Amino acid sequence: MKITDLKCAIIGTSPVVRIVTDEGIDGYGQGGYTKPFLKPFVEYFRDQLIGADPTDVERTMLRIRQRGSFKPYGTALSIIENALWDIAGKAAGVPVYKLLGGKVRDRVATYNGNLRSPIAENSPEAYADAMRTMKALPHNFRLVKQGVAFHSQMKYEPGFYFGTPQPKVSHGILDRGLLTHQGMSHVVECVTAMKEVLGDDVMLALDCGPGMMPTDVVRLSEELEHLNITWLEDTVTGDYTPYVLADVLRDVTRKSRIPIHTGEQIYLRQHFRELIETRAVDIIGPDPADVGGMAEMKWIAEYADLHGILIAPHGTGNGLLGLACQVQVGATMPANFIAFEYPTGNPDWWYDIVDGLPDPIVVDGEVEVMERPGMGIELIPEAAKKYLREEDQGFFD
Ligand SMILES: [Mg+2]
């Protein structure tokens, strides 16, 4: 089998890659809905991939992998790897999890960092209300995640920290600084209010940064220790920071009684090596549409397990094809797997243009593994065509 074409369309606002072969089988991959600007970067790889056998996924990726980088640029490479797996699965007549080592679970746990009500005002009551909404969802998520501190609007409150936030011109603005006493107290009050709503039924993880100072992370972990928080995510680095600072995280992790989590922005296993080998965090959170792809993430999960480190993959913006990736690779991960971050169709009509999702998708916080060949779900060209932009009209041809 040979690759004959690669196309990228922006569907909604998500970059979607379609890889076409000479045997009538095609594969799809989807990147985060905040990254439509990556289209030319995805298309750039077309000429380098034509002629490769897509069922030799690794050999094909060797042609292009060195062109990727940390979030957002790893997305282009990652969604190509995922599309290759889609083809390889369809060609073999098996779901992708069979090619990644086979499944060890029939249902894959997912956590909610996505289905929420907007937090109207920056008060403990408003944060508590958001938890009421999340707890009442029919999905019965066992774990939810909330942004606080630098991963929330809190940082825009006057006097929250020593520093001035940058204007909100794009995703991933890096604001950093020491929290004031009032700022720290405000975080603690909001988290306390959230835990009062969630009780012991639903676990709570906190996305805190990046941008926190290491001493503040340690202080926050002390203040929140009695509340049974599942993890503190992206404290010092994370999200869109193009570096890791494993040694700094290691100091924080040693001093914190709350598990420390990071890794959504990291591209490739090499950049997880120090984090894992020095046990610089307790939980890693690679994103299958940023880290290099599903096989890359599977390898990192196994390596983390060898070192006693847990994995809770990121991926809230990756859409329904991203959801399928999480389920396929999550089905194969060792017992260090906690849950993946739940992606939704965005806009809502995404649910009308894919076929094969379970109905309902989430039952008791888990998604049943999809068994059809390839990624387990399929874009429906006839349904999707009407949402294609003018310049993408030939995407399915
Ligand atoms: Mg995060």
# chains A, B, ... in the order shown; residues from 1 in each chain; ligands from 1

$ select_by_dssp --residues "range 155-357 of chain A" --states "strand (DSSP E or B)" --output "list in words"
Tyr161, Gly177, Leu179, Met203, Leu204, Ala205, Leu206, Asp207, Met212, Leu232, Glu233, Ile260, His261, Thr262, Ile283, Ile284, Leu310, Ile311, Phe337, Phe340, Glu341, Val354 and Asp355 of chain A

$ closest_atom_pairs --of "chain A" --to "ligand 1" --cutoff "7 Å" --atoms "only C-alpha atoms and all ligand atoms" --output "tab-separated table"
residue	atom	partner	partner_atom_place_in_ligand_line	distance
A:Asp207	CA	ligand 1	1 (Mg)	5.5
A:Glu233	CA	ligand 1	1 (Mg)	6.1
A:Asp234	CA	ligand 1	1 (Mg)	5.8
A:Gly238	CA	ligand 1	1 (Mg)	6.8
A:Asp239	CA	ligand 1	1 (Mg)	5.4
A:Glu264	CA	ligand 1	1 (Mg)	6.4
A:His314	CA	ligand 1	1 (Mg)	7.0

$ write_last_selection --atoms "N, CA and C atoms" --output "short mmCIF file (atom, residue, chain, number, x, y, z; two decimals), in the first residue's frame"
data_model
loop_
_atom_site.label_atom_id
_atom_site.label_comp_id
_atom_site.auth_asym_id
_atom_site.auth_seq_id
_atom_site.Cartn_x
_atom_site.Cartn_y
_atom_site.Cartn_z
N ASP A 207 -6.16 22.30 37.79
CA ASP A 207 -5.19 22.80 36.82
C ASP A 207 -4.77 24.18 37.31
N GLU A 233 -2.12 20.20 38.59
CA GLU A 233 -1.61 20.10 37.21
C GLU A 233 -0.94 21.40 36.78
N ASP A 234 0.08 21.25 35.95
CA ASP A 234 0.70 22.39 35.29
C ASP A 234 0.92 23.55 36.25
N GLY A 238 3.97 23.79 31.85
CA GLY A 238 2.83 23.04 31.33
C GLY A 238 2.12 23.82 30.24
N ASP A 239 0.94 23.37 29.87
CA ASP A 239 0.11 24.00 28.84
C ASP A 239 0.94 24.37 27.61
N GLU A 264 1.11 18.08 29.15
CA GLU A 264 0.24 18.16 27.98
C GLU A 264 0.89 18.80 26.77
N HIS A 314 -4.10 14.22 28.57
CA HIS A 314 -4.79 15.47 28.23
C HIS A 314 -5.43 15.34 26.86
#

$ atom_distance --atom1 "CA of Leu379 in chain A" --atom2 "CA of Lys2 in chain A"
21.4 Å

$ closest_residue --among "A:Ala109, A:Leu275, A:Val17, A:Met154" --to "Ala246 in chain A" --atoms "only C-alpha atoms"
A:Leu275

$ closest_atom_pairs --of "range 293-357 of chain A" --to "range 24-41 of chain A" --cutoff "7 Å" --atoms "only C-alpha atoms" --output "JSON lines"
{"residue": "A:Gly317", "atom": "CA", "partner": "A:Gly32", "partner_atom": "CA", "distance": 4.7}
{"residue": "A:Asn318", "atom": "CA", "partner": "A:Gly32", "partner_atom": "CA", "distance": 4.3}
{"residue": "A:Gly319", "atom": "CA", "partner": "A:Gly32", "partner_atom": "CA", "distance": 6.9}
{"residue": "A:Leu321", "atom": "CA", "partner": "A:Gln30", "partner_atom": "CA", "distance": 5.7}
{"residue": "A:Gly322", "atom": "CA", "partner": "A:Gln30", "partner_atom": "CA", "distance": 6.0}

$ write_last_selection --atoms "C-alpha atoms" --output "PDB file, in the first residue's frame"
ATOM      1  CA  GLY A 317      -9.928  20.133  22.602  1.00  0.00           C
ATOM      2  CA  ASN A 318      -9.248  17.219  20.283  1.00  0.00           C
ATOM      3  CA  GLY A 319     -12.831  16.587  19.240  1.00  0.00           C
ATOM      4  CA  LEU A 321     -11.655  11.803  16.417  1.00  0.00           C
ATOM      5  CA  GLY A 322      -9.460  12.753  19.368  1.00  0.00           C
TER       6      GLY A 322
END

$ select_by_dssp --residues "range 92-163 of chain A" --states "helix (DSSP H, G or I)" --output "number ranges by chain"
A: 92, 96-99, 124-136, 149-151, 153-156

$ closest_residue --among "A:Gln393, A:Thr332, A:Asn346, A:Gln48" --to "Pro95 in chain A" --atoms "only C-alpha atoms"
A:Thr332

$ residues_around --residues "Gly308 in chain A" --least-positions-apart "6" --cutoff "9 Å" --atoms "only C-alpha atoms" --output "VMD selection string"
chain A and resid 276 279 282 336

$ residues_around --residues "Arg116 in chain A" --least-positions-apart "3" --cutoff "10 Å" --atoms "only C-alpha atoms" --output "PyMOL selection string"
chain A and resi 112-113+119+129-135+137+144-146

$ residues_around --residues "Met194 in chain A" --least-positions-apart "3" --cutoff "10 Å" --atoms "only C-alpha atoms" --output "list in words"
Pro124, Glu125, Ala126, Tyr127, Ala128, Asp129, Ala130, Met131, Arg132, Gln146, Val188, Glu189, Cys190, Val191, Val197, Leu198, Gly199 and Leu204 of chain A

$ write_last_selection --atoms "C-alpha atoms" --output "PDB file, in the first residue's frame"
ATOM      1  CA  PRO A 124     -16.189  30.554  45.918  1.00  0.00           C
ATOM      2  CA  GLU A 125     -19.971  30.349  45.341  1.00  0.00           C
ATOM      3  CA  ALA A 126     -19.523  30.497  41.575  1.00  0.00           C
ATOM      4  CA  TYR A 127     -16.890  27.741  41.671  1.00  0.00           C
ATOM      5  CA  ALA A 128     -19.216  25.661  43.857  1.00  0.00           C
ATOM      6  CA  ASP A 129     -22.046  26.171  41.333  1.00  0.00           C
ATOM      7  CA  ALA A 130     -19.810  24.918  38.535  1.00  0.00           C
ATOM      8  CA  MET A 131     -19.188  21.738  40.533  1.00  0.00           C
ATOM      9  CA  ARG A 132     -22.949  21.295  41.055  1.00  0.00           C
ATOM     10  CA  GLN A 146     -11.101  22.721  37.468  1.00  0.00           C
ATOM     11  CA  VAL A 188      -8.014  27.845  49.013  1.00  0.00           C
ATOM     12  CA  GLU A 189     -11.518  29.258  49.605  1.00  0.00           C
ATOM     13  CA  CYS A 190     -12.653  28.374  46.095  1.00  0.00           C
ATOM     14  CA  VAL A 191     -11.247  24.844  46.283  1.00  0.00           C
ATOM     15  CA  VAL A 197     -20.187  20.204  46.743  1.00  0.00           C
ATOM     16  CA  LEU A 198     -18.337  17.194  45.373  1.00  0.00           C
ATOM     17  CA  GLY A 199     -17.936  15.430  48.716  1.00  0.00           C
ATOM     18  CA  LEU A 204     -11.274  16.801  42.080  1.00  0.00           C
TER      19      LEU A 204
END

$ closest_residue --among "A:Leu77, A:Leu6, A:Val96, A:Ile309" --to "Leu268 in chain A" --atoms "only C-alpha atoms"
A:Leu77

$ residues_around --residues "Asp352 in chain A" --least-positions-apart "6" --cutoff "12 Å" --atoms "only C-alpha atoms" --output "PyMOL selection string"
chain A and resi 320+345-346+378-387

$ atom_distance --atom1 "CA of Tyr97 in chain A" --atom2 "CA of Met297 in chain A"
12.6 Å

$ residues_around --residues "Val94 in chain A" --least-positions-apart "3" --cutoff "12 Å" --atoms "only C-alpha atoms" --output "mmCIF file with N, CA and C atoms, in the first residue's frame"
data_model
loop_
_atom_site.group_PDB
_atom_site.id
_atom_site.type_symbol
_atom_site.label_atom_id
_atom_site.label_comp_id
_atom_site.auth_asym_id
_atom_site.auth_seq_id
_atom_site.Cartn_x
_atom_site.Cartn_y
_atom_site.Cartn_z
ATOM 1 N N TRP A 85 -2.366 5.181 11.810
ATOM 2 C CA TRP A 85 -2.912 4.051 12.567
ATOM 3 C C TRP A 85 -4.325 3.709 12.115
ATOM 4 N N ASP A 86 -5.082 4.742 11.776
ATOM 5 C CA ASP A 86 -6.445 4.515 11.276
ATOM 6 C C ASP A 86 -6.394 3.662 9.999
ATOM 7 N N ILE A 87 -5.472 4.021 9.119
ATOM 8 C CA ILE A 87 -5.297 3.251 7.873
ATOM 9 C C ILE A 87 -4.811 1.832 8.182
ATOM 10 N N ALA A 88 -3.807 1.734 9.047
ATOM 11 C CA ALA A 88 -3.230 0.412 9.345
ATOM 12 C C ALA A 88 -4.293 -0.522 9.936
ATOM 13 N N GLY A 89 -5.139 0.038 10.798
ATOM 14 C CA GLY A 89 -6.213 -0.776 11.377
ATOM 15 C C GLY A 89 -7.217 -1.222 10.330
ATOM 16 N N LYS A 90 -7.610 -0.284 9.478
ATOM 17 C CA LYS A 90 -8.580 -0.630 8.422
ATOM 18 C C LYS A 90 -7.985 -1.669 7.468
ATOM 19 N N ALA A 91 -6.698 -1.516 7.138
ATOM 20 C CA ALA A 91 -6.052 -2.453 6.215
ATOM 21 C C ALA A 91 -5.984 -3.851 6.813
ATOM 22 N N TYR A 97 -6.428 -0.606 18.625
ATOM 23 C CA TYR A 97 -5.852 -1.131 19.876
ATOM 24 C C TYR A 97 -5.177 -2.486 19.677
ATOM 25 N N LYS A 98 -5.646 -3.258 18.688
ATOM 26 C CA LYS A 98 -5.029 -4.570 18.421
ATOM 27 C C LYS A 98 -3.579 -4.406 17.948
ATOM 28 N N LEU A 99 -3.332 -3.287 17.242
ATOM 29 C CA LEU A 99 -1.987 -3.048 16.704
ATOM 30 C C LEU A 99 -1.074 -2.410 17.740
ATOM 31 N N LEU A 100 -1.661 -1.881 18.806
ATOM 32 C CA LEU A 100 -0.869 -1.242 19.867
ATOM 33 C C LEU A 100 -0.611 -2.196 21.022
ATOM 34 N N GLY A 101 -0.883 -3.467 20.808
ATOM 35 C CA GLY A 101 -0.595 -4.459 21.844
ATOM 36 C C GLY A 101 -1.824 -5.188 22.360
ATOM 37 N N GLY A 102 -2.998 -4.724 21.938
ATOM 38 C CA GLY A 102 -4.228 -5.374 22.398
ATOM 39 C C GLY A 102 -4.776 -4.697 23.636
ATOM 40 N N LYS A 103 -6.072 -4.868 23.851
ATOM 41 C CA LYS A 103 -6.676 -4.148 24.980
ATOM 42 C C LYS A 103 -6.543 -4.933 26.279
ATOM 43 N N GLN A 328 -8.856 4.157 21.948
ATOM 44 C CA GLN A 328 -8.054 3.079 21.352
ATOM 45 C C GLN A 328 -6.742 2.867 22.106
ATOM 46 N N MET A 370 -14.555 1.043 21.068
ATOM 47 C CA MET A 370 -15.176 0.869 19.759
ATOM 48 C C MET A 370 -14.420 -0.217 18.985
ATOM 49 N N GLU A 371 -15.164 -1.107 18.356
ATOM 50 C CA GLU A 371 -14.554 -2.325 17.796
ATOM 51 C C GLU A 371 -14.429 -2.323 16.276
ATOM 52 N N ARG A 372 -14.912 -1.264 15.618
ATOM 53 C CA ARG A 372 -14.803 -1.334 14.150
ATOM 54 C C ARG A 372 -13.362 -1.059 13.712
ATOM 55 N N PRO A 373 -12.947 -1.588 12.552
ATOM 56 C CA PRO A 373 -11.554 -1.455 12.128
ATOM 57 C C PRO A 373 -11.086 -0.001 12.055
ATOM 58 N N GLY A 374 -9.814 0.195 12.370
ATOM 59 C CA GLY A 374 -9.257 1.543 12.389
ATOM 60 C C GLY A 374 -9.517 2.188 13.734
ATOM 61 N N MET A 375 -9.804 3.478 13.694
ATOM 62 C CA MET A 375 -9.963 4.255 14.919
ATOM 63 C C MET A 375 -11.264 3.933 15.654
ATOM 64 N N GLY A 376 -12.120 3.157 15.031
ATOM 65 C CA GLY A 376 -13.357 2.757 15.704
ATOM 66 C C GLY A 376 -14.527 3.651 15.380
#

$ closest_residue --among "A:Gly183, A:Val329, A:Met294, A:Asn114" --to "Val148 in chain A" --atoms "only C-alpha atoms"
A:Gly183
